[in-house]
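The structure under discussion appears below in the form of C-alpha cells.
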Amino acid sequence: MNADTRPLIKPQDTAVGTGVAMRAVFARDIKVAFRQRQDLLNPLLFFIMVVTLFPLGVSPEVAFLREAGAGILWVAALLSVLLSLDHLFRHDFDDGTLEQLVMQPHPLFLLVLAKTLAHWVLTGLPLVLLAPVLGVMVHLDGNSISVLCLTLLIGTPVLSLIGSIGAALTLGLRSAGVLLSLLIIPLYIPVLIFGTGTVAAAAEGAPVAGYLALLGAFLVLATTLAPFAAAAALRISLSNS
C-alpha cells in the first residue's frame, strides 16, 4: 500500500494525540511530494526562469538591477508560491484522502496547518535557499541579500498560509487556478510591499526593525487565523462536491 492510499493516521496514533496526527500528515505530504517531482520542481524552475529572464527583457544595467532586484525576487517568489497552491489539497481531494482527513477526531485546522507547513517546506524554503544565488545575479550587495533572505524566510510562510484559504475555497472548481489568483493576489500585496521595502531600507542604511516587526506580525496573524479559515473553506467545498 503506497503513501497515497494508506490511512493518514493509524488507530493507535489517535490515542496518542493531535501532535502525532500533525506529524503523520506532514510526513505523508513530504513523501507524496517527492513521488510527484514535477509538482515539486515546477515552482523552483519558474522562480529561476523569471529572475534570469527579467534582465534580458527589461534592462541588464547594474544600477537598475541593484535597485529593482529585491522587487524582482519577491514577485518571482510570490508567483512561484501561487503556482504551487493549486496542488495543496487537489491530489488529496481527487483520491479521497481529504474526506478521511476531515473525519479524523483531531481539530481540522491543526491538520490543515501541518499540510500548509509541509507546503512551505517544499516550496517556500527552497526559494529562500536559492535567493542568495539569484541575489548575486541581480547585483545586490551582501547586506541586502541577507535582509532579503530574512524577509523571504518570514514572508513565504505567510504566502502559503493565506494561499491555503484560496486553495480550499476553489477546491473542485473548474478554472480554479485563475480564480485562485484573483482571490489571493490582492491579499499578498501587503507582504510584497513590506518585503521589498525592508530590502530597500537596508540598501539605504535605514533601520529595518520596524519592517521586520510588521512582517512578523503578518506571520503571527496568518498562523493564528488562516488555518481556521482554510478548514472552514474545506468543509464548505467538500459539502458542495
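Every chain in the C-alpha cells takes a letter, A first, then B, and so on in the order presented; its residues are numbered from 1, and the ligands are numbered from 1 following the presented order.
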
For stretch 84-87 of chain A, list every protein, DNA or RNA residue within 8 Å, evaluated using only C-alpha atoms, and leave out those in the same chain fewer than 4 positions away; present the list as a PDB file with all heavy atoms, in the first residue's frame.
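Below is the file out20.pdb, written as the result:
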ATOM      1  N   ASP A  39       5.589  18.397  -9.731  1.00  0.00           N
ATOM      2  CA  ASP A  39       4.933  19.434  -8.933  1.00  0.00           C
ATOM      3  C   ASP A  39       5.909  20.101  -7.986  1.00  0.00           C
ATOM      4  O   ASP A  39       5.732  21.270  -7.618  1.00  0.00           O
ATOM      5  CB  ASP A  39       3.773  18.827  -8.126  1.00  0.00           C
ATOM      6  CG  ASP A  39       2.645  18.316  -9.014  1.00  0.00           C
ATOM      7  OD1 ASP A  39       2.563  18.759 -10.175  1.00  0.00           O
ATOM      8  OD2 ASP A  39       1.859  17.471  -8.543  1.00  0.00           O
ATOM      9  N   ASN A  42       8.499  22.394 -10.521  1.00  0.00           N
ATOM     10  CA  ASN A  42       7.948  23.472 -11.359  1.00  0.00           C
ATOM     11  C   ASN A  42       8.051  24.854 -10.712  1.00  0.00           C
ATOM     12  O   ASN A  42       8.486  25.819 -11.368  1.00  0.00           O
ATOM     13  CB  ASN A  42       6.504  23.167 -11.729  1.00  0.00           C
ATOM     14  CG  ASN A  42       6.388  22.097 -12.800  1.00  0.00           C
ATOM     15  OD1 ASN A  42       7.379  21.788 -13.485  1.00  0.00           O
ATOM     16  ND2 ASN A  42       5.214  21.518 -12.954  1.00  0.00           N
ATOM     17  N   PRO A  43       7.656  25.042  -9.437  1.00  0.00           N
ATOM     18  CA  PRO A  43       7.795  26.379  -8.838  1.00  0.00           C
ATOM     19  C   PRO A  43       9.236  26.855  -8.761  1.00  0.00           C
ATOM     20  O   PRO A  43       9.506  28.050  -8.973  1.00  0.00           O
ATOM     21  CB  PRO A  43       7.190  26.198  -7.439  1.00  0.00           C
ATOM     22  CG  PRO A  43       6.298  25.022  -7.548  1.00  0.00           C
ATOM     23  CD  PRO A  43       6.962  24.109  -8.533  1.00  0.00           C
ATOM     24  N   SER A  80       5.720  32.045  -7.766  1.00  0.00           N
ATOM     25  CA  SER A  80       6.095  30.627  -7.645  1.00  0.00           C
ATOM     26  C   SER A  80       5.247  29.923  -6.595  1.00  0.00           C
ATOM     27  O   SER A  80       4.781  28.798  -6.806  1.00  0.00           O
ATOM     28  CB  SER A  80       7.581  30.505  -7.285  1.00  0.00           C
ATOM     29  OG  SER A  80       8.392  31.065  -8.295  1.00  0.00           O
ATOM     30  N   HIS A  91      -4.696  16.897  -4.913  1.00  0.00           N
ATOM     31  CA  HIS A  91      -4.452  15.457  -5.017  1.00  0.00           C
ATOM     32  C   HIS A  91      -5.207  14.687  -3.931  1.00  0.00           C
ATOM     33  O   HIS A  91      -5.751  13.611  -4.192  1.00  0.00           O
ATOM     34  CB  HIS A  91      -2.955  15.165  -4.923  1.00  0.00           C
ATOM     35  CG  HIS A  91      -2.155  15.744  -6.046  1.00  0.00           C
ATOM     36  ND1 HIS A  91      -2.465  15.529  -7.381  1.00  0.00           N
ATOM     37  CD2 HIS A  91      -1.040  16.545  -6.055  1.00  0.00           C
ATOM     38  CE1 HIS A  91      -1.591  16.143  -8.145  1.00  0.00           C
ATOM     39  NE2 HIS A  91      -0.725  16.771  -7.371  1.00  0.00           N
ATOM     40  N   THR A 123       8.142  24.295  -0.956  1.00  0.00           N
ATOM     41  CA  THR A 123       8.140  25.376  -1.952  1.00  0.00           C
ATOM     42  C   THR A 123       8.796  26.649  -1.444  1.00  0.00           C
ATOM     43  O   THR A 123       9.715  27.180  -2.069  1.00  0.00           O
ATOM     44  CB  THR A 123       6.698  25.686  -2.406  1.00  0.00           C
ATOM     45  OG1 THR A 123       5.889  26.029  -1.263  1.00  0.00           O
ATOM     46  CG2 THR A 123       6.085  24.497  -3.116  1.00  0.00           C
ATOM     47  N   SER A 160       2.050  30.985   1.967  1.00  0.00           N
ATOM     48  CA  SER A 160       1.465  29.642   1.986  1.00  0.00           C
ATOM     49  C   SER A 160       0.204  29.601   2.835  1.00  0.00           C
ATOM     50  O   SER A 160      -0.794  28.959   2.461  1.00  0.00           O
ATOM     51  CB  SER A 160       2.485  28.626   2.515  1.00  0.00           C
ATOM     52  OG  SER A 160       3.570  28.476   1.634  1.00  0.00           O
ATOM     53  N   GLY A 163      -2.522  31.494   1.074  1.00  0.00           N
ATOM     54  CA  GLY A 163      -2.879  30.729  -0.114  1.00  0.00           C
ATOM     55  C   GLY A 163      -3.696  29.498   0.193  1.00  0.00           C
ATOM     56  O   GLY A 163      -4.519  29.063  -0.631  1.00  0.00           O
ATOM     57  N   SER A 164      -3.518  28.910   1.385  1.00  0.00           N
ATOM     58  CA  SER A 164      -4.297  27.720   1.738  1.00  0.00           C
ATOM     59  C   SER A 164      -5.790  28.036   1.799  1.00  0.00           C
ATOM     60  O   SER A 164      -6.620  27.167   1.504  1.00  0.00           O
ATOM     61  CB  SER A 164      -3.816  27.162   3.079  1.00  0.00           C
ATOM     62  OG  SER A 164      -4.116  28.054   4.144  1.00  0.00           O
ATOM     63  N   ALA A 167      -6.895  28.076  -1.844  1.00  0.00           N
ATOM     64  CA  ALA A 167      -6.874  26.711  -2.385  1.00  0.00           C
ATOM     65  C   ALA A 167      -8.061  25.907  -1.879  1.00  0.00           C
ATOM     66  O   ALA A 167      -8.637  25.100  -2.614  1.00  0.00           O
ATOM     67  CB  ALA A 167      -5.565  26.029  -2.005  1.00  0.00           C
ATOM     68  N   ALA A 176      -9.890  26.620 -11.566  1.00  0.00           N
ATOM     69  CA  ALA A 176      -9.605  27.019 -10.191  1.00  0.00           C
ATOM     70  C   ALA A 176      -8.337  27.862 -10.096  1.00  0.00           C
ATOM     71  O   ALA A 176      -8.248  28.745  -9.238  1.00  0.00           O
ATOM     72  CB  ALA A 176      -9.472  25.778  -9.305  1.00  0.00           C
ATOM     73  N   GLY A 177      -7.377  27.603 -10.982  1.00  0.00           N
ATOM     74  CA  GLY A 177      -6.133  28.355 -10.920  1.00  0.00           C
ATOM     75  C   GLY A 177      -6.323  29.835 -11.154  1.00  0.00           C
ATOM     76  O   GLY A 177      -5.740  30.672 -10.453  1.00  0.00           O
ATOM     77  N   LEU A 180      -8.237  31.275  -8.175  1.00  0.00           N
ATOM     78  CA  LEU A 180      -7.330  31.318  -7.025  1.00  0.00           C
ATOM     79  C   LEU A 180      -6.426  32.547  -7.089  1.00  0.00           C
ATOM     80  O   LEU A 180      -6.220  33.235  -6.084  1.00  0.00           O
ATOM     81  CB  LEU A 180      -6.500  30.038  -6.983  1.00  0.00           C
ATOM     82  CG  LEU A 180      -5.443  29.922  -5.881  1.00  0.00           C
ATOM     83  CD1 LEU A 180      -6.093  29.958  -4.507  1.00  0.00           C
ATOM     84  CD2 LEU A 180      -4.655  28.629  -6.047  1.00  0.00           C
TER      85      LEU A 180
END

Exercise. Using only C-alpha atoms, determine which residues lie at most 8 Å from A:Leu148, disregarding the query and same-chain residues fewer than 2 positions distant; provide the list as a ChimeraX atom specification.
Key: /A:70,131,144-146,150-152,195-196,198-199

Would you put the residues from that selection into a file with C-alpha atoms, as a PDB file, in the first residue's frame?
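The result, written out as out-v4.pdb:
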ATOM      1  CA  ALA A  70      14.568  42.834  -4.407  1.00  0.00           C
ATOM      2  CA  ALA A 131      17.653  33.681  -3.089  1.00  0.00           C
ATOM      3  CA  SER A 144      20.763  43.451   1.013  1.00  0.00           C
ATOM      4  CA  ILE A 145      20.937  39.725   0.235  1.00  0.00           C
ATOM      5  CA  SER A 146      20.963  38.893   3.945  1.00  0.00           C
ATOM      6  CA  LEU A 150      15.315  37.101   6.156  1.00  0.00           C
ATOM      7  CA  THR A 151      12.218  38.743   4.652  1.00  0.00           C
ATOM      8  CA  LEU A 152      11.588  35.703   2.469  1.00  0.00           C
ATOM      9  CA  GLY A 195       9.165  42.585   1.948  1.00  0.00           C
ATOM     10  CA  THR A 196      10.627  44.780  -0.773  1.00  0.00           C
ATOM     11  CA  THR A 198      12.700  46.145   4.031  1.00  0.00           C
ATOM     12  CA  VAL A 199      15.418  45.412   1.479  1.00  0.00           C
TER      13      VAL A 199
END

Quiz prompt | Residues within 12 Å of A:Leu110, only C-alpha atoms, excluding chain neighbours under 3 positions, as a VMD selection string | solution = chain A and resid 17 to 26 101 to 102 104 to 107 113 to 117 223 to 231

Expected file: the selected residues, N, CA and C atoms, as a PDB file, in the first residue's frame:
ATOM      1  N   GLY A  17      -2.465  11.409  20.368  1.00  0.00           N
ATOM      2  CA  GLY A  17      -2.789  12.821  20.421  1.00  0.00           C
ATOM      3  C   GLY A  17      -2.677  13.511  19.088  1.00  0.00           C
ATOM      4  N   THR A  18      -3.034  14.793  19.111  1.00  0.00           N
ATOM      5  CA  THR A  18      -3.078  15.582  17.888  1.00  0.00           C
ATOM      6  C   THR A  18      -1.687  15.835  17.321  1.00  0.00           C
ATOM      7  N   GLY A  19      -0.693  15.944  18.195  1.00  0.00           N
ATOM      8  CA  GLY A  19       0.673  16.172  17.707  1.00  0.00           C
ATOM      9  C   GLY A  19       1.147  15.065  16.794  1.00  0.00           C
ATOM     10  N   VAL A  20       0.847  13.826  17.144  1.00  0.00           N
ATOM     11  CA  VAL A  20       1.221  12.690  16.293  1.00  0.00           C
ATOM     12  C   VAL A  20       0.472  12.762  14.971  1.00  0.00           C
ATOM     13  N   ALA A  21      -0.798  13.147  15.030  1.00  0.00           N
ATOM     14  CA  ALA A  21      -1.591  13.267  13.806  1.00  0.00           C
ATOM     15  C   ALA A  21      -1.004  14.332  12.878  1.00  0.00           C
ATOM     16  N   MET A  22      -0.591  15.451  13.447  1.00  0.00           N
ATOM     17  CA  MET A  22       0.001  16.507  12.631  1.00  0.00           C
ATOM     18  C   MET A  22       1.309  16.039  11.997  1.00  0.00           C
ATOM     19  N   ARG A  23       2.124  15.323  12.781  1.00  0.00           N
ATOM     20  CA  ARG A  23       3.377  14.812  12.224  1.00  0.00           C
ATOM     21  C   ARG A  23       3.111  13.792  11.118  1.00  0.00           C
ATOM     22  N   ALA A  24       2.067  12.979  11.286  1.00  0.00           N
ATOM     23  CA  ALA A  24       1.734  11.991  10.258  1.00  0.00           C
ATOM     24  C   ALA A  24       1.301  12.669   8.960  1.00  0.00           C
ATOM     25  N   VAL A  25       0.478  13.709   9.074  1.00  0.00           N
ATOM     26  CA  VAL A  25       0.038  14.444   7.885  1.00  0.00           C
ATOM     27  C   VAL A  25       1.223  15.132   7.216  1.00  0.00           C
ATOM     28  N   PHE A  26       2.072  15.757   8.021  1.00  0.00           N
ATOM     29  CA  PHE A  26       3.249  16.439   7.488  1.00  0.00           C
ATOM     30  C   PHE A  26       4.170  15.459   6.760  1.00  0.00           C
ATOM     31  N   LEU A 101      -9.357  12.943   6.041  1.00  0.00           N
ATOM     32  CA  LEU A 101      -8.743  13.937   6.913  1.00  0.00           C
ATOM     33  C   LEU A 101      -9.806  14.688   7.709  1.00  0.00           C
ATOM     34  N   VAL A 102     -10.897  15.046   7.031  1.00  0.00           N
ATOM     35  CA  VAL A 102     -11.971  15.798   7.690  1.00  0.00           C
ATOM     36  C   VAL A 102     -12.651  14.964   8.772  1.00  0.00           C
ATOM     37  N   GLN A 104     -11.292  12.801  10.747  1.00  0.00           N
ATOM     38  CA  GLN A 104     -10.433  12.478  11.882  1.00  0.00           C
ATOM     39  C   GLN A 104     -10.956  13.154  13.153  1.00  0.00           C
ATOM     40  N   PRO A 105     -10.743  12.563  14.326  1.00  0.00           N
ATOM     41  CA  PRO A 105     -11.216  13.170  15.578  1.00  0.00           C
ATOM     42  C   PRO A 105     -10.394  14.377  16.026  1.00  0.00           C
ATOM     43  N   HIS A 106      -9.321  14.653  15.327  1.00  0.00           N
ATOM     44  CA  HIS A 106      -8.460  15.775  15.694  1.00  0.00           C
ATOM     45  C   HIS A 106      -8.975  17.060  15.057  1.00  0.00           C
ATOM     46  N   PRO A 107      -8.645  18.229  15.640  1.00  0.00           N
ATOM     47  CA  PRO A 107      -9.075  19.505  15.052  1.00  0.00           C
ATOM     48  C   PRO A 107      -8.575  19.654  13.614  1.00  0.00           C
ATOM     49  N   LEU A 113      -2.940  23.107   9.176  1.00  0.00           N
ATOM     50  CA  LEU A 113      -1.678  23.800   9.477  1.00  0.00           C
ATOM     51  C   LEU A 113      -0.484  22.913   9.163  1.00  0.00           C
ATOM     52  N   ALA A 114      -0.586  21.620   9.476  1.00  0.00           N
ATOM     53  CA  ALA A 114       0.501  20.687   9.167  1.00  0.00           C
ATOM     54  C   ALA A 114       0.706  20.562   7.658  1.00  0.00           C
ATOM     55  N   LYS A 115      -0.389  20.499   6.908  1.00  0.00           N
ATOM     56  CA  LYS A 115      -0.278  20.427   5.446  1.00  0.00           C
ATOM     57  C   LYS A 115       0.333  21.709   4.884  1.00  0.00           C
ATOM     58  N   THR A 116      -0.047  22.836   5.432  1.00  0.00           N
ATOM     59  CA  THR A 116       0.493  24.108   4.955  1.00  0.00           C
ATOM     60  C   THR A 116       1.968  24.230   5.282  1.00  0.00           C
ATOM     61  N   LEU A 117       2.363  23.734   6.448  1.00  0.00           N
ATOM     62  CA  LEU A 117       3.786  23.740   6.801  1.00  0.00           C
ATOM     63  C   LEU A 117       4.584  22.867   5.838  1.00  0.00           C
ATOM     64  N   THR A 223      -0.687  32.663  10.893  1.00  0.00           N
ATOM     65  CA  THR A 223      -0.615  31.369  11.569  1.00  0.00           C
ATOM     66  C   THR A 223      -1.810  31.162  12.492  1.00  0.00           C
ATOM     67  N   THR A 224      -2.290  32.240  13.092  1.00  0.00           N
ATOM     68  CA  THR A 224      -3.405  32.149  14.033  1.00  0.00           C
ATOM     69  C   THR A 224      -4.746  31.993  13.334  1.00  0.00           C
ATOM     70  N   LEU A 225      -4.948  32.725  12.235  1.00  0.00           N
ATOM     71  CA  LEU A 225      -6.282  32.811  11.634  1.00  0.00           C
ATOM     72  C   LEU A 225      -6.459  31.954  10.387  1.00  0.00           C
ATOM     73  N   ALA A 226      -5.419  31.854   9.563  1.00  0.00           N
ATOM     74  CA  ALA A 226      -5.582  31.185   8.264  1.00  0.00           C
ATOM     75  C   ALA A 226      -5.994  29.717   8.382  1.00  0.00           C
ATOM     76  N   PRO A 227      -5.423  28.916   9.305  1.00  0.00           N
ATOM     77  CA  PRO A 227      -5.860  27.515   9.380  1.00  0.00           C
ATOM     78  C   PRO A 227      -7.348  27.358   9.688  1.00  0.00           C
ATOM     79  N   PHE A 228      -7.902  28.231  10.542  1.00  0.00           N
ATOM     80  CA  PHE A 228      -9.336  28.177  10.826  1.00  0.00           C
ATOM     81  C   PHE A 228     -10.146  28.455   9.562  1.00  0.00           C
ATOM     82  N   ALA A 229      -9.749  29.505   8.821  1.00  0.00           N
ATOM     83  CA  ALA A 229     -10.477  29.860   7.598  1.00  0.00           C
ATOM     84  C   ALA A 229     -10.348  28.777   6.544  1.00  0.00           C
ATOM     85  N   ALA A 230      -9.148  28.206   6.397  1.00  0.00           N
ATOM     86  CA  ALA A 230      -8.952  27.154   5.403  1.00  0.00           C
ATOM     87  C   ALA A 230      -9.744  25.899   5.772  1.00  0.00           C
ATOM     88  N   ALA A 231      -9.795  25.559   7.056  1.00  0.00           N
ATOM     89  CA  ALA A 231     -10.560  24.385   7.486  1.00  0.00           C
ATOM     90  C   ALA A 231     -12.042  24.577   7.210  1.00  0.00           C
TER      91      ALA A 231
END

Practice problem: Find the residues around A:Ser239 up to 12 Å (only C-alpha atoms counted), leave out those fewer than 4 positions away in its own chain, and share them as a PyMOL selection string. | Solution: chain A and resi 98-99+102+169+171-172+232-235

Quiz item: What separation in Å, quoted to one decimal, exists between atom CA of A:Ala76 and atom CA of A:Phe47?
Solution: 5.3 Å

Exercise. State, in Å with one decimal place, the distance from atom CA of A:Ala27 to atom CA of A:Ile185.
Key: 28.8 Å

Exercise. Name all residues at most 9 Å from A:His139 (count only C-alpha atoms; drop same-chain ones fewer than 5 positions away) and give them as a list in words.
Key: Val62, Ala63, Leu65, Arg66, Glu67, Gly69 and Leu134 of chain A

Write the residues of the selection above to a file with all heavy atoms, as a PDB file, in the first residue's frame.
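Printed below is selection-v1.pdb as written:
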ATOM      1  N   VAL A  62      23.548  47.462 -14.354  1.00  0.00           N
ATOM      2  CA  VAL A  62      23.814  47.106 -12.964  1.00  0.00           C
ATOM      3  C   VAL A  62      23.027  47.988 -12.006  1.00  0.00           C
ATOM      4  O   VAL A  62      22.442  47.505 -11.025  1.00  0.00           O
ATOM      5  CB  VAL A  62      25.321  47.191 -12.669  1.00  0.00           C
ATOM      6  CG1 VAL A  62      25.598  46.974 -11.179  1.00  0.00           C
ATOM      7  CG2 VAL A  62      26.081  46.177 -13.513  1.00  0.00           C
ATOM      8  N   ALA A  63      22.997  49.287 -12.262  1.00  0.00           N
ATOM      9  CA  ALA A  63      22.305  50.212 -11.358  1.00  0.00           C
ATOM     10  C   ALA A  63      20.806  49.895 -11.283  1.00  0.00           C
ATOM     11  O   ALA A  63      20.210  49.914 -10.200  1.00  0.00           O
ATOM     12  CB  ALA A  63      22.513  51.654 -11.830  1.00  0.00           C
ATOM     13  N   LEU A  65      19.324  46.937 -11.964  1.00  0.00           N
ATOM     14  CA  LEU A  65      19.104  45.645 -11.328  1.00  0.00           C
ATOM     15  C   LEU A  65      19.326  45.719  -9.821  1.00  0.00           C
ATOM     16  O   LEU A  65      18.612  45.077  -9.051  1.00  0.00           O
ATOM     17  CB  LEU A  65      20.041  44.594 -11.940  1.00  0.00           C
ATOM     18  CG  LEU A  65      19.751  44.218 -13.396  1.00  0.00           C
ATOM     19  CD1 LEU A  65      20.797  43.238 -13.900  1.00  0.00           C
ATOM     20  CD2 LEU A  65      18.360  43.615 -13.530  1.00  0.00           C
ATOM     21  N   ARG A  66      20.305  46.528  -9.392  1.00  0.00           N
ATOM     22  CA  ARG A  66      20.550  46.665  -7.960  1.00  0.00           C
ATOM     23  C   ARG A  66      19.360  47.333  -7.272  1.00  0.00           C
ATOM     24  O   ARG A  66      19.010  46.997  -6.140  1.00  0.00           O
ATOM     25  CB  ARG A  66      21.826  47.458  -7.723  1.00  0.00           C
ATOM     26  CG  ARG A  66      22.224  47.577  -6.261  1.00  0.00           C
ATOM     27  CD  ARG A  66      23.580  48.253  -6.104  1.00  0.00           C
ATOM     28  NE  ARG A  66      24.663  47.416  -6.601  1.00  0.00           N
ATOM     29  CZ  ARG A  66      25.564  47.808  -7.481  1.00  0.00           C
ATOM     30  NH1 ARG A  66      25.505  49.029  -7.989  1.00  0.00           N
ATOM     31  NH2 ARG A  66      26.536  46.990  -7.866  1.00  0.00           N
ATOM     32  N   GLU A  67      18.725  48.277  -7.966  1.00  0.00           N
ATOM     33  CA  GLU A  67      17.577  48.977  -7.391  1.00  0.00           C
ATOM     34  C   GLU A  67      16.318  48.118  -7.419  1.00  0.00           C
ATOM     35  O   GLU A  67      15.526  48.119  -6.474  1.00  0.00           O
ATOM     36  CB  GLU A  67      17.334  50.285  -8.150  1.00  0.00           C
ATOM     37  CG  GLU A  67      16.172  51.095  -7.603  1.00  0.00           C
ATOM     38  CD  GLU A  67      15.997  52.410  -8.350  1.00  0.00           C
ATOM     39  OE1 GLU A  67      16.805  52.709  -9.250  1.00  0.00           O
ATOM     40  OE2 GLU A  67      15.029  53.135  -8.032  1.00  0.00           O
ATOM     41  N   GLY A  69      16.227  44.706  -7.896  1.00  0.00           N
ATOM     42  CA  GLY A  69      16.480  43.280  -7.657  1.00  0.00           C
ATOM     43  C   GLY A  69      15.590  42.669  -6.592  1.00  0.00           C
ATOM     44  O   GLY A  69      15.066  41.559  -6.767  1.00  0.00           O
ATOM     45  N   LEU A 134      20.543  34.018  -6.640  1.00  0.00           N
ATOM     46  CA  LEU A 134      19.865  34.903  -7.582  1.00  0.00           C
ATOM     47  C   LEU A 134      20.039  36.368  -7.194  1.00  0.00           C
ATOM     48  O   LEU A 134      20.007  37.244  -8.052  1.00  0.00           O
ATOM     49  CB  LEU A 134      18.376  34.541  -7.645  1.00  0.00           C
ATOM     50  CG  LEU A 134      18.092  33.113  -8.147  1.00  0.00           C
ATOM     51  CD1 LEU A 134      16.605  32.824  -8.114  1.00  0.00           C
ATOM     52  CD2 LEU A 134      18.628  32.925  -9.563  1.00  0.00           C
TER      53      LEU A 134
END

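Between atom CA of A:Val51 and atom CA of A:Leu73 the separation is 6.4 Å.
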
Self-check item: Closest of A:Gln100, A:Val138, A:Gln36, A:Leu129 to A:Glu61 - atom-to-atom distances counting only C-alpha atoms
Solution: A:Val138
